[in-house]
Amino acid sequence: MAEPRIDVSIEHKHRPDNSDGAGKHPNTCPSCGSHYRDDELEANLRVCPQCGHHFRVRARERIAQLADAGTFQEEAVELRSEDPLAFFDLRPYTERLAEAEVSTGLGDAMVIGSAAIENEACELAVMDFAFMGGSMGSVVGEKLTRAADSAIERKVPLVAVTASGGARMQEGILSLMQLPKTVCAIEDLRDARCGFVTVMSHPTTAGVLASFASLGDIIVSEPGALLAFTGPRVVQQTTREKLPDDFGLAESNLRFGHLDAILPRSELKPFLGRALRLFRNGR
Amino acid sequence: MAEPRIDVSIEHKHRPDNSDGAGKHPNTCPSCGSHYRDDELEANLRVCPQCGHHFRVRARERIAQLADAGTFQEEAVELRSEDPLAFFDLRPYTERLAEAEVSTGLGDAMVIGSAAIENEACELAVMDFAFMGGSMGSVVGEKLTRAADSAIERKVPLVAVTASGGARMQEGILSLMQLPKTVCAIEDLRDARCGFVTVMSHPTTAGVLASFASLGDIIVSEPGALLAFTGPRVVQQTTREKLPDDFGLAESNLRFGHLDAILPRSELKPFLGRALRLFRNGR
Amino acid sequence: MAADDERHLRERLTKLRGLPLLRGTRLSGDAKRLEQQLERIEEPEPSDQEIWRSVDLARHSERPYTLDYVERLFEDYVELHGDRARAEDPALVTGLASFRDRTIALIGQQKGRDINERTRRNFGMAHPEGYRKGMRLMEVAQRHGFPIVTFLDSPGAYPGVAAEQHGQGGAIARSQALMARLTIPLVSCIIGEGNSGGAIAIGLVDRVLMQEHAIYSVISPEGCAAILWRDDAEKVKAALALKPDAAHCLELGVIDEIVSEPKGGAHLNPDEAARLLGDALGRTLDQLSSVPGAELREQRRERYRRIGIYTAGATEPALRGGS
Amino acid sequence: MAADDERHLRERLTKLRGLPLLRGTRLSGDAKRLEQQLERIEEPEPSDQEIWRSVDLARHSERPYTLDYVERLFEDYVELHGDRARAEDPALVTGLASFRDRTIALIGQQKGRDINERTRRNFGMAHPEGYRKGMRLMEVAQRHGFPIVTFLDSPGAYPGVAAEQHGQGGAIARSQALMARLTIPLVSCIIGEGNSGGAIAIGLVDRVLMQEHAIYSVISPEGCAAILWRDDAEKVKAALALKPDAAHCLELGVIDEIVSEPKGGAHLNPDEAARLLGDALGRTLDQLSSVPGAELREQRRERYRRIGIYTAGATEPALRGGS
Ligand SMILES: [Zn+2]
Ligand SMILES: [Zn+2]
């Protein structure tokens with residue numbers, strides 16, 4: 001019998017009911033079935049008042065939740081993806097891009113800019129899953145890099161809120177290069193002794209998890225968020241292993257030592273304020 | 001039911017028969033029962049020709065096995081332990097020291113000096129289990145420190161061969177301080193870019209394992225050696241856990257990623273020669 | 001040359017030229033890469049058949065693996081084992097060795113040749129423990145100033161439950177971060193499959209050498225087909241769209257040099273393949289060894305910071321590529 | 001003073017004075033420590049009763065633990081979790097906090113108060129994963145220049161099978177090695193039991209503060225008794241032989257300052273105990289913050305390199321201590 005060289009014992013935990021409820025109305029809670037008007041959900045930070053389920057938050061709304069009113073100054077608005085490989089799967093990449101821009105009102109899957117959180121100056125980089133699944137191509141990589149540079153220039157911490165399905169395949173090998181690119185930007189940020197906090201929101205996977213998102217001085221997440229390099233479906237298909245109920249969820253990541261904390265959304269802003277104060281006092 | 005926060009799953013393996021055969025004649029193989037004359041064993045590097053069992057090797061004999069003939073120049077011969085706590089258990093510490101010196105012919109549990117191995121200049125620090133179980137007190141700590149300094153001065157690698165039951169309790173808190181002391185000496189060695197190879201021989205435990213022994217650029221051991229912070233008896237008594245058959249042995253340490261290689265004694269000298277050449281070519 | 005072909009080439013050249021201009025800085029290594037890129041531009045773009053052939057050859061069951069090159073190129077090889085925490089991962093081998101009178105640290109993905117070795121080495125797919133073993137070796141190399149040579153050849157980081165629980169994503173991120181901090185020369189050789197995070201985990205380096213029939217991609221053709229075409233039988237279409245072949249990687253500025261293989265592929269003459277790779281590696285290490293460490297690191301980071309093709313609207317028209 | 005007593009004191013003083021002379025170098029922190037040592041020498045040696053009382057008080061079930069001091073001394077405490085590899089170990093807590101307008105990094109061993117918490121925190125006995133979590137925090141602290149404060153209070157590193165398999169010895173060694181490399185101020189507070197490798201793993205620092213009734217020892221009295229007397233009931237004899245009390249630790253040059261406790265022990269007035277500890281900690285950090293990082297590290301290494309009492313025969317007679 002072959003001896004396992006790596007301890008592949010698996011812990012099984014109960015999985016919180018956190019399916020994305022594909023097909024249902026976006027304002028219907030996939031966990032308890034309650035339905036809300038959009039303004040109700042917005043007023044409650046997009047957390048289900050009934051059961052605490054954390055709905056996804058779009059980038060601009062996340063910024064409104066976190067930044068002190070009127071402090072956010074967007075940067076690098078003008079960046080747009082190119083189509084260097086003339087990529088064509090079932091549809092051309094250019095068409096997918098145009099459609100994403102129209103439907104989201106965003107130039108790509110990340111918004112960056114300067115801001116203040118609880119009166120602490122910082123730089124914000126917020127991803128939006130609605131733009132092509134939050135995938136990271138040349139524009140996301142460049143924006144994260146510019147956000148790091150902007151933080152370095154102003155000697156303030158960087159706060160990144162991630163939500164991503166991974167690298168943007170349509171940019172081929174260039175999308176893989178956004179991993180080392182963002183890593184290098186964060187290393188420059190570290191050399192400049194600027195703090196770096198990452199908030200991993202649902203889902204943070206593949207190329208984004210395997211680059212800047214995992215490099216925070218402090219890494220926090222939200223309840224029930226999927227944080228995995230390889231998602232459950234692919235793991236299941238590849239290995240035929242029975243997956244633990246909480247496979248890849250924030251709760252599992254905390255138990256295995258990959259997260260500093262899981263914070264309900266309402267506690268996120270005060271937590272960031274505290275962290276930013278600590279970085280400022282330490283300078 | 002309490003959830004284990006740390007994965008305490010245990011791998012069980014067959015334990016090679018490697019008991020120390022307490023009570024038997026020292027030249028009777030505890031593994032296969034063969035008996036040898038002392039010169040027979042010495043000629044075979046104290047490895048049982050029948051079954052490959054590795055007997056313990058005294059410090060001076062180990063040096064003779066490893067160093068090129070005539071190259072070893074002993075250093076710090078004159079160091080002797082003090083008795084700062086006037087320690088008295090069933091017998092006074094001073095009496096134990098005197099007896100150990102008489103029975104081993106050594107000043108303490110480590111011999112250091114300059115040497116060449118396969119024509120590569122190096123510094124050697126070799127422990128002797130026969131001197132109070134190879135325990136580390138002020139003299140062992142100081143000798144290891146001087147060995148590091150001597151290596152730094154001559155810009156050569158340090159090779160340490162360990163064999164130790166741990167810190168020397170009879171020197172109280174001062175013996176614990178030999179852990180950070182030797183660690184600091186090795187950090188100076190590292191800053192000077194001198195190579196450091198540790199050969200963990202049976203047994204290497206507690207304070208020695210938890211200090212310089214674990215800091216080698218390369219760490220190797222011999223078959224069947226016990227390498228553990230806490231020995232099997234104490235673990236058994238404290239936790240009432242069933243111990244794996246190969247608990248703490250070199251083979252288990254290799255599987256768990258703590259060792260670079262397990263080398264039969266006959267391969268040790270050529271291996272060290274190769275390693276020393278690599279460090280010299282890299283300077 | 002037909003007018004269409006010429007227009008096509010010019011478009012590609014424009015795009016290509018946009019690349020080093022993105023952030024305005026020029027690197028010492030760029031001149032050579034750009035030169036090779038421009039030479040290449042005169043050649044026809046690889047055909048679909050040629051791209052797919054590379055995918056096939058890169059994964060050929062008799063293609064030389066990392067240890068086959070170690071055996072042929074290095075002396076005094078000392079393999080080092082274990083992550084010093086929880087495991088030894090044979091999918092990724094690490095060691096010290098002598099290469100043309102210079103001590104180097106080796107980190108290489110290793111597939112297995114027969115079914116036993118394949119199983120033992122998990123088909124070259126590392127767990128996080130493997131990347132942590134690699135990081136340990138990077139620290140040894142940094143301490144002693146040994147250049148690091150990495151060999152990329154793996155279907156990817158292992159997509160298993162334990163690998164996830166033990167932090168696959170974080171391990172890949174931190175391995176890259178460590179490489180971005182080192183002040184020693186770093187060279188990658190892509191000798192087979194360089195796939196996804198599993199490859200870049202040990203691929204953030206000063207120079208990337210890629211064998212003629214190796215591939216380098218963000219995802220395997222099968223994986224891409226499964227996601228975008230929802231049918232992994234469409235792997236050929238996916239491969240052609242991803243363009244993971246050496247010519248395209250050079251064109252995109254992602255690698256520095258294409259290393260020739262013996263006619264028909266490295267597996268037909270491993271000794272010759274090793275000689276060709278060794279020569280390229282030797283030249284590259286010679287070049288890098290003259291650069292001070294701090295400068296190496298700065299150039300390395302700048303190299304990656306500049307990679308990407310995008311437009312910046314009206315404010316930065318110089319960035320606009322072709323089409 | 002009786003003649004015998006005086007001779008005894010002089011012998012101890014001789015031994016003591018031998019200590020800072022061992023390697024000839026003087027440290028900036030030594031003057032103060034030596035002064036306290038000399039003051040102390042005028043007082044009678046702690047009696048057997050006093051030594052055993054400290055062992056009792058140090059392990060008193062109501063003694064304030066790490067988080068009790070965190071609550072009283074720090075603001076904006078942010079606890080950080082996990083070793084970023086395999087586990088979160090609650091036996092060792094880490095975090096960032098504000099201490100008198102200065103951001104510090106905290107690493108503390110944490111026992112549990114009730115049976116549930118004790119079980120969860122494994123009675124304050126860390127696995128290797130705990131020390132690796134500590135090392136992660138050290139890296140964060142180094143990156144940002146935050147001083148590190150460690151709280152020592154544990155029966156020891158956990159002696160279990162998994163702990164051994166996961167590399168307890170190596171983790172303790174590497175944690176110390178990292179501390180020897182840092183260029184930020186490091187202070188340890190021994191607030192209860194400082195035992196063996198489990199303590200020194202986070203105890204290689206610039207200054208050690210020790211509460212009046214804390215203990216610091218190479219092994220627990222029970223462990224020592226079991227080995228040397230082959231009977232753990234002889235723990236009192238073992239404790240008296242080991243002399244783990246603060247007065248002896250100061251005398252031996254192993255700690256820098258004894259921090260007074262409220263009359264009867266810290267557990268009778270945790271607020272006052274925290275105030276006294278906070279004042280000593282504040283003063284110590286103030287002193288260290290003016291020393292450049294490279295100098296701190298050099299002095300730290302020199303501090304430990306000099307510790308030890310031995311004779312050097314005829315060649316170095318100055319090293320010979322009393323008796
Ligand atoms: Zn709900
Ligand atoms: Zn035998």
# chains A, B, ... in the order shown; residues from 1 in each chain; ligands from 1
>>> residues_around(residues="stretch 135-147 of chain B", least_positions_apart="2", cutoff="7 Å", atoms="only C-alpha atoms", output="PyMOL selection string")
(chain B and resi 76+79-81+108-110+112-113+123+125+132-133+149-151+164-168+171+174-175+178+181-182+185) or (chain D and resi 308-310)
>>> residues_around(residues="C:Ile255", least_positions_apart="5", cutoff="6 Å", atoms="only C-alpha atoms", output="VMD selection string")
chain C and resid 208 249 to 250
>>> write_last_selection(atoms="all heavy atoms", output="mmCIF file, in the first residue's frame")
data_model
loop_
_atom_site.group_PDB
_atom_site.id
_atom_site.type_symbol
_atom_site.label_atom_id
_atom_site.label_comp_id
_atom_site.auth_asym_id
_atom_site.auth_seq_id
_atom_site.Cartn_x
_atom_site.Cartn_y
_atom_site.Cartn_z
ATOM 1 N N VAL C 208 13.403 34.179 -17.783
ATOM 2 C CA VAL C 208 12.656 32.961 -18.053
ATOM 3 C C VAL C 208 13.133 32.365 -19.370
ATOM 4 O O VAL C 208 13.036 33.009 -20.420
ATOM 5 C CB VAL C 208 11.137 33.242 -18.133
ATOM 6 C CG1 VAL C 208 10.377 31.938 -18.356
ATOM 7 C CG2 VAL C 208 10.648 33.960 -16.893
ATOM 8 N N CYS C 249 4.561 33.325 -26.215
ATOM 9 C CA CYS C 249 5.015 33.823 -24.900
ATOM 10 C C CYS C 249 6.142 34.840 -25.066
ATOM 11 O O CYS C 249 6.199 35.845 -24.354
ATOM 12 C CB CYS C 249 5.473 32.659 -24.015
ATOM 13 S SG CYS C 249 4.089 31.705 -23.361
ATOM 14 N N LEU C 250 7.027 34.572 -26.040
ATOM 15 C CA LEU C 250 8.106 35.536 -26.279
ATOM 16 C C LEU C 250 7.528 36.837 -26.809
ATOM 17 O O LEU C 250 7.887 37.936 -26.375
ATOM 18 C CB LEU C 250 9.107 34.958 -27.281
ATOM 19 C CG LEU C 250 10.285 35.891 -27.562
ATOM 20 C CD1 LEU C 250 11.241 35.934 -26.379
ATOM 21 C CD2 LEU C 250 11.041 35.463 -28.827
#
>>> residues_near_ligand(ligand="ligand 2", cutoff="7 Å", atoms="only C-alpha atoms and all ligand atoms", output="list in words")
Cys29, Pro30, Ser31, Cys32, Gly33, Ser34, Cys48, Pro49, Gln50, Cys51, Gly52 and His53 of chain B
>>> atom_distance(atom1="atom CA of C:Arg283", atom2="atom CA of C:Arg100")
10.9 Å
>>> select_by_dssp(residues="stretch 189-322 of chain D", states="strand (DSSP E)", output="list of chain:residue names")
D:Cys189, D:Ile190, D:Ile191, D:Gly192, D:Glu193, D:Gly194, D:Asn195, D:Arg207, D:Val208, D:Leu209, D:Met210, D:Gln211, D:Ile215, D:Tyr216, D:Ser217, D:Glu257, D:Ile258, D:Val259, D:Tyr310, D:Thr311
>>> write_last_selection(atoms="N, CA and C atoms", output="short mmCIF file (atom, residue, chain, number, x, y, z; two decimals), in the first residue's frame")
data_model
loop_
_atom_site.label_atom_id
_atom_site.label_comp_id
_atom_site.auth_asym_id
_atom_site.auth_seq_id
_atom_site.Cartn_x
_atom_site.Cartn_y
_atom_site.Cartn_z
N CYS D 189 7.73 39.73 29.40
CA CYS D 189 7.23 39.84 30.77
C CYS D 189 6.90 38.43 31.24
N ILE D 190 7.61 37.97 32.27
CA ILE D 190 7.29 36.66 32.84
C ILE D 190 6.23 36.89 33.91
N ILE D 191 5.01 36.45 33.64
CA ILE D 191 3.89 36.80 34.52
C ILE D 191 3.37 35.60 35.31
N GLY D 192 3.91 34.43 35.05
CA GLY D 192 3.44 33.25 35.79
C GLY D 192 4.54 32.20 35.72
N GLU D 193 4.27 31.15 34.94
CA GLU D 193 5.28 30.12 34.75
C GLU D 193 6.05 30.36 33.46
N GLY D 194 7.33 30.51 33.54
CA GLY D 194 8.16 30.52 32.35
C GLY D 194 8.95 29.23 32.34
N ASN D 195 8.50 28.27 31.55
CA ASN D 195 9.09 26.93 31.64
C ASN D 195 9.75 26.48 30.35
N ARG D 207 15.07 42.85 26.82
CA ARG D 207 14.89 43.02 28.26
C ARG D 207 13.83 42.04 28.77
N VAL D 208 14.13 41.46 29.93
CA VAL D 208 13.19 40.53 30.55
C VAL D 208 12.71 41.13 31.87
N LEU D 209 11.40 41.37 31.96
CA LEU D 209 10.80 41.80 33.22
C LEU D 209 10.15 40.58 33.86
N MET D 210 10.30 40.45 35.17
CA MET D 210 9.74 39.26 35.82
C MET D 210 8.99 39.69 37.06
N GLN D 211 7.74 39.26 37.12
CA GLN D 211 6.97 39.60 38.31
C GLN D 211 7.55 38.91 39.54
N ILE D 215 7.86 32.45 38.12
CA ILE D 215 9.02 31.56 38.13
C ILE D 215 9.53 31.39 36.69
N TYR D 216 10.80 31.06 36.58
CA TYR D 216 11.44 30.92 35.28
C TYR D 216 12.43 29.77 35.44
N SER D 217 12.21 28.72 34.65
CA SER D 217 12.99 27.52 34.93
C SER D 217 13.23 26.68 33.68
N GLU D 257 14.81 42.91 35.52
CA GLU D 257 14.11 43.68 36.53
C GLU D 257 13.03 42.83 37.17
N ILE D 258 12.93 42.97 38.50
CA ILE D 258 11.82 42.31 39.19
C ILE D 258 10.70 43.33 39.34
N VAL D 259 9.51 42.98 38.87
CA VAL D 259 8.36 43.88 38.95
C VAL D 259 7.54 43.50 40.18
N TYR D 310 31.34 29.16 33.93
CA TYR D 310 32.23 28.02 33.74
C TYR D 310 33.63 28.49 34.06
N THR D 311 34.54 27.56 34.16
CA THR D 311 35.93 27.94 34.37
C THR D 311 36.72 27.56 33.13
#
>>> decode(residues="stretch 155-168 of chain B", atoms="all heavy atoms", output="short mmCIF file (atom, residue, chain, number, x, y, z; two decimals), in the first residue's frame")
data_model
loop_
_atom_site.label_atom_id
_atom_site.label_comp_id
_atom_site.auth_asym_id
_atom_site.auth_seq_id
_atom_site.Cartn_x
_atom_site.Cartn_y
_atom_site.Cartn_z
N LYS B 155 36.22 31.67 7.93
CA LYS B 155 35.31 31.62 6.78
C LYS B 155 35.14 30.20 6.27
O LYS B 155 35.25 29.95 5.07
CB LYS B 155 35.81 32.52 5.66
CG LYS B 155 35.86 34.00 6.01
CD LYS B 155 36.17 34.84 4.78
CE LYS B 155 36.49 36.28 5.13
NZ LYS B 155 35.48 36.93 5.99
N VAL B 156 34.87 29.27 7.17
CA VAL B 156 34.63 27.88 6.78
C VAL B 156 33.29 27.44 7.36
O VAL B 156 32.78 28.05 8.29
CB VAL B 156 35.75 26.95 7.29
CG1 VAL B 156 37.09 27.32 6.67
CG2 VAL B 156 35.81 26.96 8.81
N PRO B 157 32.69 26.38 6.82
CA PRO B 157 31.43 25.89 7.37
C PRO B 157 31.63 25.21 8.72
O PRO B 157 32.73 24.77 9.05
CB PRO B 157 30.96 24.86 6.33
CG PRO B 157 31.76 25.12 5.10
CD PRO B 157 33.06 25.67 5.57
N LEU B 158 30.54 25.17 9.47
CA LEU B 158 30.51 24.47 10.75
C LEU B 158 29.71 23.18 10.59
O LEU B 158 28.63 23.19 10.01
CB LEU B 158 29.86 25.36 11.81
CG LEU B 158 29.55 24.74 13.18
CD1 LEU B 158 30.82 24.27 13.88
CD2 LEU B 158 28.80 25.75 14.07
N VAL B 159 30.27 22.08 11.07
CA VAL B 159 29.55 20.80 11.08
C VAL B 159 29.36 20.41 12.54
O VAL B 159 30.34 20.28 13.28
CB VAL B 159 30.35 19.70 10.35
CG1 VAL B 159 29.63 18.35 10.48
CG2 VAL B 159 30.55 20.07 8.88
N ALA B 160 28.11 20.25 12.97
CA ALA B 160 27.84 19.85 14.34
C ALA B 160 27.23 18.45 14.34
O ALA B 160 26.30 18.17 13.58
CB ALA B 160 26.89 20.83 15.01
N VAL B 161 27.77 17.57 15.17
CA VAL B 161 27.20 16.24 15.35
C VAL B 161 26.59 16.21 16.75
O VAL B 161 27.31 16.35 17.75
CB VAL B 161 28.27 15.14 15.21
CG1 VAL B 161 27.62 13.76 15.33
CG2 VAL B 161 29.01 15.28 13.89
N THR B 162 25.27 16.06 16.82
CA THR B 162 24.61 16.18 18.11
C THR B 162 24.25 14.82 18.69
O THR B 162 24.02 13.85 17.96
CB THR B 162 23.33 17.02 17.99
OG1 THR B 162 22.48 16.42 17.00
CG2 THR B 162 23.66 18.44 17.55
N ALA B 163 24.17 14.76 20.01
CA ALA B 163 23.73 13.58 20.76
C ALA B 163 23.46 14.10 22.16
O ALA B 163 24.40 14.44 22.87
CB ALA B 163 24.80 12.51 20.79
N SER B 164 22.18 14.22 22.51
CA SER B 164 21.91 14.93 23.76
C SER B 164 20.54 14.60 24.32
O SER B 164 19.56 14.48 23.60
CB SER B 164 22.00 16.45 23.52
OG SER B 164 21.57 17.15 24.66
N GLY B 165 20.50 14.48 25.63
CA GLY B 165 19.23 14.31 26.32
C GLY B 165 18.54 15.63 26.63
O GLY B 165 17.41 15.65 27.10
N GLY B 166 19.22 16.75 26.35
CA GLY B 166 18.59 18.04 26.58
C GLY B 166 19.45 18.98 27.40
O GLY B 166 20.68 18.84 27.45
N ALA B 167 18.81 19.96 28.02
CA ALA B 167 19.54 20.94 28.83
C ALA B 167 20.02 20.26 30.12
O ALA B 167 19.44 19.27 30.58
CB ALA B 167 18.64 22.12 29.15
N ARG B 168 21.08 20.81 30.71
CA ARG B 168 21.59 20.22 31.94
C ARG B 168 20.91 20.87 33.15
O ARG B 168 21.30 21.96 33.60
CB ARG B 168 23.11 20.37 32.02
CG ARG B 168 23.70 19.59 33.21
CD ARG B 168 25.20 19.53 33.16
NE ARG B 168 25.66 18.81 31.97
CZ ARG B 168 26.93 18.84 31.54
NH1 ARG B 168 27.82 19.56 32.18
NH2 ARG B 168 27.27 18.15 30.47
#
